[in-house]
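Visitor: This is the structure I want to talk about, given as C-alpha cells.
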Amino acid sequence: MTVIRPTELAEDLGDTLLRWVVGQRFFRTKGHAPTSLQTLRSSVVIDGDPALVHAMVSFDGGDPYQLLFGVRAHVSDHLAHSVIGRLDGRTIYDAPADPDLMSSFLDLLLDHDELAGLRFEADGRVERGVRPRPMGVEQSNTSLVYGHGVLKLYRQPEPGRNRDVDLHRALAGNPHIATPLGVLTDDRSSPPTVLGFMQKFLPDAVEGWATATASVRDLLAEGDLHADEVGGDFAGESGRLGAAVAEVHAALAEATGKRTVGPADLAAEVDAMHARLDVVLSEVPGLAAEEDVLRAAFDDVRTLTDPVPIHQIHGDLHLGQVLRTTAGWILIDFEGEPGATPEQRAVPRSPLRDVAGMLRSFDYAAFHLLPGSEEREDDRRQRAARATEWSDRNRDAFCSGYAEVGGDPREHSVLLRALELDKAVYEVRYEHHNRPEWAAIPLAAIQRRS
C-alpha cells in the first residue's frame, strides 16, 4: 500500500488537481486556470484505507483553499463524481462527498481535544455516529448535514476572527438565526483559522429565493391577474421578512454597539461609490448612458446633514441568504460581502445597505424569467409590467414590515437610493463577466430608479 505523504499529496497530483479545482463551484477565480500550487499546511487525519488528508493549498500564490482528500484503493460508483485523480494505484477524491469518511472525521474530532492540528469546540449538543449528507449546491462553501446539525466547511478560510461565527454567537438565542453548535479550527496557523461552523439544521426550511420566484411564476402564468389577486402572492411573506431583518439589526446593534457618522464619513462613502462606478464603466460600456444619473444620485448623499446610524449588519443580504421555516424567517451566512477583505467586512455599516440588498433581490426575483424568452412584443411588455408590479409590491411590503420594528427605510430615500444603485452597478459588472444575458436586469433597474 502506498505511503501517504500529506505534505506532498497536492504537489504529487499536480496538473490533475489544477484541472479539477477550476471546475469546482467554490473556486473563486473564474475564467482563470491556475498554473501552480503550494501546500501551506497538511496532515493525515485518518490513516489506512480509506484515508483522510487535510490540506491548505494556495494556487498561483493566492489565498489558501481548504481541501480534504479522501484516499481509497477502490472507489464505489456513488463517489465517482468526486474523483480528482489517481496516484500509485490509489484514487484521490474530494472527501466531503464520502459520508463514511466524514462520519469518522467528526467522531474523531469529538473524541480528541486536538486531531492532526484540528480542533472542534462544541457550543451545544452534537450527535455522534451520524453519516452526513451534502446540503444543496453552494458557491463558496460545502455544507454537510449531520442529523440535527449542519457543518459548513469554509473552502477559502481566513486566519483570525471569523465574522460568521462571531455574529451568530453574538445573536445566540435570537429566533431569526440558526443556533450555533460548534466551530472547527486549524491550530496549525497563527493566528488559528476557523475551518468550519456547525449550526442547528432546519429540516423544514425553504430558501427565500425559491419561495419568491415561485410566486413570480404563478403571477406570470396567470396573464391578466394582478399580484394581489394571485394565490401565490408573496407580499405577506415580504412584510414578515422585513420585520425579521429589522429585529436582527436591532439585536446586532445592541450586541456589537452602534454609533453615528456625519457628512465627512458620508462623503468618503460617496467617493467610494464613484470609484466603484469608474471601474465598472471601464469594463461595461453599456453602462455609460446612465453615468450622469448614477453620479448625481451618489452626490445627493453629500447633502445629508443628519447623523446616520451604523453598526454591524449582515453585509450580503438577499433572498438566497434567508430561509422560511414554519416558525418564521431565518437569516444565514453572516460572512459579509464576497470579495471584501476581513478588515472591510468588520467595518460597521448603515443597516440601509442590507435593506438595499434585499430590495435589489426582489427585483432579480421578479425579472429573472424575462431575459432571453422568445415571445411577441405585446406579451413581453405585459410580462414586464407584471414583473414590475410584483417587484414594487414586495419591495414596499418589505419596507413596511421593517418599519413595524425599526425606522421606515423609505424615510431615508436619498441614502437608500444611492446604496441600491451602487449595488446595481456591482451587479452589472458581475453579470457582464459571468451571465451576460442577465446584465439587462440591473441595467433596467438603474433606468427605472433614475
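Letters for chains follow the order of the C-alpha cells (A, B, ...), residue numbers begin at 1 for each chain, and ligand numbers begin at 1 in the order shown.
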List the spatial neighbours of Gly262 of chain A as an MDAnalysis selection string - criterion: any atom at most 12 Å away, only C-alpha atoms, same-chain residues fewer than 6 positions off excluded.
Guide: chainID A and resid 268:269 301:310 350
Visitor: Could you turn the residues from that selection into a file that holds N, CA and C atoms, as a PDB file, in the first residue's frame?
Guide:
ATOM      1  N   ALA A 268     -16.900  60.309   2.210  1.00  0.00           N
ATOM      2  CA  ALA A 268     -15.935  59.261   1.885  1.00  0.00           C
ATOM      3  C   ALA A 268     -16.631  58.067   1.232  1.00  0.00           C
ATOM      4  N   GLU A 269     -17.840  57.753   1.704  1.00  0.00           N
ATOM      5  CA  GLU A 269     -18.595  56.653   1.109  1.00  0.00           C
ATOM      6  C   GLU A 269     -19.011  57.004  -0.317  1.00  0.00           C
ATOM      7  N   VAL A 301     -26.083  62.276  -1.707  1.00  0.00           N
ATOM      8  CA  VAL A 301     -25.786  61.867  -0.331  1.00  0.00           C
ATOM      9  C   VAL A 301     -24.948  62.932   0.379  1.00  0.00           C
ATOM     10  N   ARG A 302     -24.169  63.687  -0.377  1.00  0.00           N
ATOM     11  CA  ARG A 302     -23.332  64.735   0.232  1.00  0.00           C
ATOM     12  C   ARG A 302     -24.184  65.842   0.857  1.00  0.00           C
ATOM     13  N   THR A 303     -25.447  65.931   0.467  1.00  0.00           N
ATOM     14  CA  THR A 303     -26.314  66.984   1.000  1.00  0.00           C
ATOM     15  C   THR A 303     -26.907  66.613   2.355  1.00  0.00           C
ATOM     16  N   LEU A 304     -26.763  65.357   2.774  1.00  0.00           N
ATOM     17  CA  LEU A 304     -27.359  64.927   4.041  1.00  0.00           C
ATOM     18  C   LEU A 304     -26.592  65.517   5.219  1.00  0.00           C
ATOM     19  N   THR A 305     -27.327  65.995   6.185  1.00  0.00           N
ATOM     20  CA  THR A 305     -26.700  66.610   7.371  1.00  0.00           C
ATOM     21  C   THR A 305     -27.026  65.870   8.659  1.00  0.00           C
ATOM     22  N   ASP A 306     -28.101  65.077   8.662  1.00  0.00           N
ATOM     23  CA  ASP A 306     -28.465  64.345   9.880  1.00  0.00           C
ATOM     24  C   ASP A 306     -27.511  63.175  10.094  1.00  0.00           C
ATOM     25  N   PRO A 307     -27.187  62.861  11.364  1.00  0.00           N
ATOM     26  CA  PRO A 307     -26.319  61.704  11.647  1.00  0.00           C
ATOM     27  C   PRO A 307     -26.949  60.409  11.131  1.00  0.00           C
ATOM     28  N   VAL A 308     -26.126  59.532  10.633  1.00  0.00           N
ATOM     29  CA  VAL A 308     -26.581  58.238  10.107  1.00  0.00           C
ATOM     30  C   VAL A 308     -26.102  57.125  11.041  1.00  0.00           C
ATOM     31  N   PRO A 309     -27.012  56.336  11.616  1.00  0.00           N
ATOM     32  CA  PRO A 309     -26.599  55.236  12.499  1.00  0.00           C
ATOM     33  C   PRO A 309     -25.875  54.145  11.706  1.00  0.00           C
ATOM     34  N   ILE A 310     -24.827  53.588  12.314  1.00  0.00           N
ATOM     35  CA  ILE A 310     -24.128  52.449  11.727  1.00  0.00           C
ATOM     36  C   ILE A 310     -23.852  51.422  12.813  1.00  0.00           C
ATOM     37  N   SER A 350     -24.284  51.185   7.571  1.00  0.00           N
ATOM     38  CA  SER A 350     -25.684  51.542   7.740  1.00  0.00           C
ATOM     39  C   SER A 350     -26.547  50.318   7.471  1.00  0.00           C
TER      40      SER A 350
END
Visitor: Determine which residues of segment 222-358 of chain A receive a DSSP assignment of strand (DSSP E), computed from the backbone, and state them as a list of chain:residue names.
Guide: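 Result set for segment 222-358 of chain A (strand (DSSP E)): A:Lys258, A:Arg259, A:Thr260, A:Val261, A:Val308, A:Pro309, A:Ile310, A:His311, A:Val322, A:Leu323, A:Arg324, A:Thr325, A:Gly328, A:Trp329, A:Ile330, A:Leu331.
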Visitor: With only C-alpha atoms as the counted atoms, please give the residues lying no more than 8 Å from segment 185-194 of chain A, apart from itself and same-chain residues fewer than 2 positions off, as a VMD selection string.
Guide: chain A and resid 41 117 to 121 154 157 to 162 183 196 to 197
Visitor: Can I get the selection written as a PDB file, in the first residue's frame, with N, CA and C atoms?
Guide:
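What ended up in again_10.pdb:
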ATOM      1  N   ARG A  41      -0.165  23.882   4.612  1.00  0.00           N
ATOM      2  CA  ARG A  41      -0.242  23.008   5.780  1.00  0.00           C
ATOM      3  C   ARG A  41      -0.975  21.739   5.358  1.00  0.00           C
ATOM      4  N   GLY A 117      -3.727  18.696  14.376  1.00  0.00           N
ATOM      5  CA  GLY A 117      -3.735  20.153  14.285  1.00  0.00           C
ATOM      6  C   GLY A 117      -5.116  20.763  14.203  1.00  0.00           C
ATOM      7  N   LEU A 118      -6.164  19.929  14.187  1.00  0.00           N
ATOM      8  CA  LEU A 118      -7.534  20.406  14.091  1.00  0.00           C
ATOM      9  C   LEU A 118      -8.237  20.265  15.434  1.00  0.00           C
ATOM     10  N   ARG A 119      -9.133  21.202  15.717  1.00  0.00           N
ATOM     11  CA  ARG A 119      -9.853  21.202  16.989  1.00  0.00           C
ATOM     12  C   ARG A 119     -11.311  21.566  16.744  1.00  0.00           C
ATOM     13  N   PHE A 120     -12.224  20.810  17.397  1.00  0.00           N
ATOM     14  CA  PHE A 120     -13.653  21.106  17.293  1.00  0.00           C
ATOM     15  C   PHE A 120     -14.154  21.517  18.668  1.00  0.00           C
ATOM     16  N   GLU A 121     -14.624  22.745  18.762  1.00  0.00           N
ATOM     17  CA  GLU A 121     -15.146  23.283  20.013  1.00  0.00           C
ATOM     18  C   GLU A 121     -16.674  23.301  19.927  1.00  0.00           C
ATOM     19  N   TYR A 154     -15.666  26.055   5.350  1.00  0.00           N
ATOM     20  CA  TYR A 154     -15.256  27.224   4.569  1.00  0.00           C
ATOM     21  C   TYR A 154     -14.149  26.798   3.615  1.00  0.00           C
ATOM     22  N   PRO A 157     -10.956  29.715   3.850  1.00  0.00           N
ATOM     23  CA  PRO A 157     -10.985  30.334   5.183  1.00  0.00           C
ATOM     24  C   PRO A 157      -9.867  31.353   5.354  1.00  0.00           C
ATOM     25  N   GLU A 158     -10.093  32.276   6.263  1.00  0.00           N
ATOM     26  CA  GLU A 158      -9.111  33.334   6.527  1.00  0.00           C
ATOM     27  C   GLU A 158      -8.650  33.243   7.970  1.00  0.00           C
ATOM     28  N   PRO A 159      -7.362  33.446   8.241  1.00  0.00           N
ATOM     29  CA  PRO A 159      -6.858  33.367   9.613  1.00  0.00           C
ATOM     30  C   PRO A 159      -7.511  34.410  10.507  1.00  0.00           C
ATOM     31  N   GLY A 160      -7.615  34.085  11.784  1.00  0.00           N
ATOM     32  CA  GLY A 160      -8.116  35.053  12.750  1.00  0.00           C
ATOM     33  C   GLY A 160      -9.617  34.953  12.957  1.00  0.00           C
ATOM     34  N   ARG A 161     -10.208  36.035  13.394  1.00  0.00           N
ATOM     35  CA  ARG A 161     -11.615  36.069  13.716  1.00  0.00           C
ATOM     36  C   ARG A 161     -12.474  35.732  12.493  1.00  0.00           C
ATOM     37  N   ASN A 162     -13.566  35.029  12.739  1.00  0.00           N
ATOM     38  CA  ASN A 162     -14.491  34.674  11.678  1.00  0.00           C
ATOM     39  C   ASN A 162     -15.805  35.413  11.925  1.00  0.00           C
ATOM     40  N   VAL A 183     -17.518  24.849  16.408  1.00  0.00           N
ATOM     41  CA  VAL A 183     -16.583  25.505  15.487  1.00  0.00           C
ATOM     42  C   VAL A 183     -15.367  24.607  15.281  1.00  0.00           C
ATOM     43  N   GLY A 196     -14.558  25.554   9.891  1.00  0.00           N
ATOM     44  CA  GLY A 196     -15.944  25.118   9.740  1.00  0.00           C
ATOM     45  C   GLY A 196     -16.804  25.600  10.883  1.00  0.00           C
ATOM     46  N   PHE A 197     -18.087  25.643  10.648  1.00  0.00           N
ATOM     47  CA  PHE A 197     -19.051  26.155  11.626  1.00  0.00           C
ATOM     48  C   PHE A 197     -20.281  25.273  11.568  1.00  0.00           C
TER      49      PHE A 197
END
Visitor: Between atom CA of Gly129 of chain A and atom CA of Asp164 of chain A, what is the distance, to one decimal in Å?
Guide: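 Atom-to-atom, atom CA of Gly129 of chain A and atom CA of Asp164 of chain A are spaced 26.7 Å apart.
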Visitor: Tell me, in Å to one decimal, how far atom CA of Gly62 of chain A is from atom CA of Ala340 of chain A.
Guide: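 Result for atom CA of Gly62 of chain A versus atom CA of Ala340 of chain A: 14.7 Å, one decimal.
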Visitor: Could you name the residues that touch Glu420 of chain A at 9 Å or less, counting only C-alpha atoms, but leaving out those on the same chain fewer than 4 positions away, as a VMD selection string?
Guide: chain A and resid 353 355 to 357 359 to 360 415 to 416 424 to 425 446 449
Visitor: Now that the selection is made, can you save its residues with C-alpha atoms as a short mmCIF file (atom, residue, chain, number, x, y, z; two decimals), in the first residue's frame?
Guide:
data_model
loop_
_atom_site.label_atom_id
_atom_site.label_comp_id
_atom_site.auth_asym_id
_atom_site.auth_seq_id
_atom_site.Cartn_x
_atom_site.Cartn_y
_atom_site.Cartn_z
CA ARG A 353 -27.17 48.69 2.99
CA VAL A 355 -32.22 46.84 3.01
CA ALA A 356 -30.87 47.92 -0.37
CA GLY A 357 -29.50 44.42 -1.00
CA LEU A 359 -34.71 45.36 -2.48
CA ARG A 360 -32.37 44.51 -5.34
CA LEU A 415 -29.22 57.31 1.03
CA LEU A 416 -31.30 54.21 0.27
CA ALA A 424 -26.95 47.57 -9.07
CA VAL A 425 -23.66 48.86 -10.50
CA ILE A 446 -30.95 51.54 -12.85
CA ARG A 449 -34.78 54.04 -10.33
#
Visitor: Can you tell me how far atom CA of Leu67 of chain A sits from atom CA of Gly182 of chain A, in Å to one decimal?
Guide: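 For atom CA of Leu67 of chain A relative to atom CA of Gly182 of chain A, the distance reads 19.9 Å.
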Visitor: Per DSSP on the backbone, filter segment 197-308 of chain A down to the residues in alpha helix (DSSP H) and report them as number ranges by chain.
Guide: A: 208-222, 235-256, 263-283, 291-300
